[in-house]
Amino acid sequence: MVRRLVPSRFTFAFAFTLALFASPPPFARAQESKPPAAASAPPRLVVLIVVDQCRPDYFERFAPRFDGFFARLRDEGRWFTDGEQHHAITVTAAGHAAIGTGRFPCHNGIVGNDFFDPEENRLVGAANDKGAEKVGGEGGGFSPHRLLCDGLGDWWKRRWPQGKAIGISSKPRSAILLMGRGGDAAYWIDESSGRLVTSAYYRKEPAPWAVAFNAADPLAKLPQQWEATLGDAKAYAALGCTGDDQPGEMAIDASHSRVFPHSLAAKNAALRTQLVLYSPFSDDLLLEFARAAVDGEELGQDDTPDLLVLGLSATDFVGHRYGPDSWEIAEQMVRLDHTLGEFIAVLEEKTEGRLLVALSSDHGVAPLPEVAAARGHAGQRVDWGSLKPIVAQALTAISPALEKAGGAMPEYAIHLDRKRIAESGQSLEEVADALALKLRGAPYFVDARSHFELQKPLQEGDRVGELMRASSDGVRAGDVLFVLPPGSIYYAATATDAQMDAMAATSHGTPYDYDTHVPIVFFGQGVTAGRVAGRAWTVDVAPTLATALGIPLPAGLDGRPLDLAK
């Protein structure tokens with residue numbers, strides 16, 4: 001079932017798709033140059049900031065209201081203006097792992113938020129680990145055990161064993177996957193209590209400074225209400241925002257409004273935490289915790305460089321509920337500009353100016369389908385459950401014995417049932433190739449490729465095929481990857497009211513430019529301000545930071561160092 005918001009055919013031509021979401025030449029990269037030599041006195045502290053679900057256009061749209069760190073980045077930052085996540089399944093875990101490891105999902109193993117684990121024969125979370133208990137909280141834990149390679153934290157600790165590498169985010173997978181398998185600790189917000197917790201993978205007891213931070217009950221000190229502060233409707237319209245109550249927006253639940261002011265008051269810690277997560281104040285909480293970490297771990301206080309990675313997730317939470325054209329996203333970005341400005345100023349003082357900062361994002365986001373439709377663009381909500389019968393019908397057309405061989409369907413992929421395929425007498429490659437061919441002519445599927453097709457030479461200019469290949473490992477990501485029409489947001493038509501409350505008003509995960517384009521910018525010691533044209537990939541970020549500090553790069557990286565000083 002599809003909720004069509006504009007008259008359209010399901011099988012869009014890719015020429016139309018790429019015209020609608022125009023982009024620079026598909027394989028253009030930033031100019032190759034000799035990596036800069038490490039400074040004789042390297043930065044004392046490197047901070048890698050990933051603003052979850054941050055589109056590059058936000059820095060232009062909301063610039064008139066910026067007076068903090070984003071305003072400084074505009075003048076003092078080195079911007080790689082055509083930055084992108086160079087893979088097709090543009091979701092949080094895949095994006096953070098690509099940034100943190102310098103490798104595409106097909107090589108680092110984190111192909112999605114959830115993917116098929118052949119050893120466990122089920123879908124698993126990218127960072128979930130029953131064997132690594134929460135430290136400072138209760139319940140199951142998380143770790144980087146599903147990563148197949150090392151990352152920036154590992155490189156750091158090999159170069160400077162006495163240096164610290166700390167990760168902090170609202171989400172465990174973000175804090176963990178940005179660092180790789182190394183690092184001293186990763187902290188995240190425990191959704192049941194609002195406390196900042198870590199994993200037994202890193203340490204058996206919480207750090208004393210983290211205990212003190214939680215004991216002060218910082219969640220209680222945050223505002224009880226989120227109010228609009230930027231002016232009247234005309235002021236928001238000047239920032240490219242539509243009305244306060246856009247069609248398609250979703251409140252936390254039926255008792256909470258879609259319009260300002262948003263109540264953040266709750267009778268229990270779990271609901272209070274959820275309400276705070278879907279507001280700018282979760283980033284405030286993280287940055288206060290990061291200040292405590294800087295002091296408690298003495299980050300940047302000596303000549304042994306330390307690493308701090310920050311996954312700021314409020315933009316993602318807010319964006320999923322209200323969309324990129326909302327009043328809420330404007331409020332979120334303007335507040336983050338201010339709070340980051342204060343935070344960076346503190347770090348500059350503590351490090352005596354020996355600070356290097358990188359900022360990027362794990363993915364972008366699509367407009368609300370209803371907003372896109374009102375603007376004359378493609379926009380529709382597709383029932384995810386309606387895709388499965390189409391897959392089953394295509395498999396049956398290949399062979400009646402394959403009707404139930406569809407298996408699991410992780411994000412934008414199909415994992416075929418090996419046992420049923422073997423019983424049919426056909427090979428996995430034959431069935432996967434045939435299924436992809438049939439789906440390319442089916443409703444909703446504007447493109448579909450088997451893993452086997454993606455390993456063969458691609459046609460020149462096949463940008464979507466290249467992005468799919470970067471996401472396809474042939475095991476975890478599935479046997480057939482597919483793409484929905486542009487502007488499509490999937491939902492579950494059979495969801496209960498409670499499930500609907502947990503669903504998103506808009507989302508991401510596609511190879512379209514609104515999902516792949518992200519900011520890539522550097523700031524601080526050794527950085528020459530300016531704009532650099534040509535494609536730069538997020539897998540370039542970790543190699544760039546490592547090279548700036550003289551850290552040897554491991555073999556097999558997909559990224560390369562970008563020039564920060566030319």
# chains A, B, ... in the order shown; residues from 1 in each chain; ligands from 1
call {"tool": "closest_atom_pairs", "arguments": {"of": "region 302-323 of chain A", "to": "region 83-100 of chain A", "cutoff": "10 Å", "atoms": "only C-alpha atoms", "output": "CSV"}}
result
residue,atom,partner,partner_atom,distance
A:Val309,CA,A:Gly100,CA,9.2
A:Gly311,CA,A:His96,CA,8.4
A:Ser313,CA,A:Thr92,CA,9.7
A:Asp316,CA,A:Thr92,CA,9.2
call {"tool": "residues_around", "arguments": {"residues": "region 274-291 of chain A", "least_positions_apart": "6", "cutoff": "6 Å", "atoms": "only C-alpha atoms", "output": "VMD selection string"}}
result
chain A and resid 264 312 314 317 to 318 332
call {"tool": "atom_distance", "arguments": {"atom1": "CA of Gly77 (chain A)", "atom2": "CA of Ala529 (chain A)"}}
result
4.8 Å
call {"tool": "select_by_dssp", "arguments": {"residues": "region 59-254 of chain A", "states": "alpha helix (DSSP H)", "output": "ChimeraX atom specification"}}
result
/A:59-61,69-76,92-101,105-108,152-159,172-177,208-215,218-221,233-237
call {"tool": "write_last_selection", "arguments": {"atoms": "C-alpha atoms", "output": "compact mmCIF listing (two decimals), in the first residue's frame"}}
result
# COMPACT_ATOMS: atom_id res chain seq x y z
CA PHE A 59 24.59 26.16 7.42
CA GLU A 60 23.37 28.54 4.72
CA ARG A 61 19.68 28.67 5.61
CA PHE A 69 30.61 27.98 16.53
CA PHE A 70 28.84 27.69 13.19
CA ALA A 71 29.39 31.41 12.64
CA ARG A 72 33.09 30.90 13.34
CA LEU A 73 33.21 27.92 10.98
CA ARG A 74 31.83 30.11 8.22
CA ASP A 75 34.86 32.40 8.46
CA GLU A 76 37.58 30.20 9.95
CA THR A 92 23.27 6.13 11.49
CA ALA A 93 25.46 3.12 12.26
CA ALA A 94 26.83 2.87 8.73
CA GLY A 95 27.58 6.59 8.61
CA HIS A 96 29.36 6.74 11.95
CA ALA A 97 31.41 3.62 11.21
CA ALA A 98 32.48 5.01 7.81
CA ILE A 99 33.65 8.24 9.44
CA GLY A 100 35.42 6.43 12.27
CA THR A 101 37.20 3.75 10.26
CA PRO A 105 30.42 -0.32 4.98
CA CYS A 106 31.27 -3.19 2.64
CA HIS A 107 34.72 -3.29 4.25
CA ASN A 108 34.09 -2.33 7.88
CA LEU A 152 40.59 6.17 14.60
CA GLY A 153 40.64 5.25 18.30
CA ASP A 154 42.81 2.20 17.57
CA TRP A 155 45.24 4.22 15.47
CA TRP A 156 45.39 6.81 18.24
CA LYS A 157 46.19 4.35 21.03
CA ARG A 158 48.89 2.63 18.97
CA ARG A 159 50.60 5.96 18.37
CA PRO A 172 25.50 3.86 21.93
CA ARG A 173 26.23 2.92 18.33
CA SER A 174 27.28 6.50 17.56
CA ALA A 175 29.68 6.83 20.49
CA ILE A 176 31.16 3.38 19.88
CA LEU A 177 31.46 3.16 16.10
CA PRO A 208 34.55 8.81 39.30
CA TRP A 209 33.86 12.01 37.36
CA ALA A 210 31.01 10.25 35.47
CA VAL A 211 29.55 9.03 38.77
CA ALA A 212 29.66 12.58 40.13
CA PHE A 213 28.01 13.95 37.00
CA ASN A 214 25.10 11.50 37.19
CA ALA A 215 24.73 12.00 40.94
CA PRO A 218 21.59 16.86 35.28
CA LEU A 219 18.41 15.66 33.54
CA ALA A 220 16.31 17.35 36.22
CA LYS A 221 18.09 20.66 35.63
CA ALA A 233 5.87 32.98 11.41
CA LYS A 234 7.50 35.56 9.14
CA ALA A 235 10.83 35.12 10.91
CA TYR A 236 10.75 31.33 10.42
CA ALA A 237 9.68 31.72 6.78
call {"tool": "closest_atom_pairs", "arguments": {"of": "region 215-334 of chain A", "to": "region 346-358 of chain A", "cutoff": "10 Å", "atoms": "only C-alpha atoms", "output": "JSON lines"}}
result
{"residue": "A:Arg291", "atom": "CA", "partner": "A:Val346", "partner_atom": "CA", "distance": 8.5}
{"residue": "A:Val294", "atom": "CA", "partner": "A:Leu347", "partner_atom": "CA", "distance": 8.4}
{"residue": "A:Asp295", "atom": "CA", "partner": "A:Lys350", "partner_atom": "CA", "distance": 9.4}
{"residue": "A:Glu298", "atom": "CA", "partner": "A:Lys350", "partner_atom": "CA", "distance": 9.4}
{"residue": "A:Leu299", "atom": "CA", "partner": "A:Thr351", "partner_atom": "CA", "distance": 8.5}
{"residue": "A:Gly300", "atom": "CA", "partner": "A:Thr351", "partner_atom": "CA", "distance": 5.4}
{"residue": "A:Gln301", "atom": "CA", "partner": "A:Thr351", "partner_atom": "CA", "distance": 6.2}
{"residue": "A:Asp302", "atom": "CA", "partner": "A:Thr351", "partner_atom": "CA", "distance": 8.2}
{"residue": "A:Asp303", "atom": "CA", "partner": "A:Arg354", "partner_atom": "CA", "distance": 9.6}
{"residue": "A:Pro305", "atom": "CA", "partner": "A:Arg354", "partner_atom": "CA", "distance": 9.6}
{"residue": "A:Leu307", "atom": "CA", "partner": "A:Leu356", "partner_atom": "CA", "distance": 9.8}
{"residue": "A:Leu308", "atom": "CA", "partner": "A:Val357", "partner_atom": "CA", "distance": 9.6}
{"residue": "A:Val309", "atom": "CA", "partner": "A:Ala358", "partner_atom": "CA", "distance": 9.5}
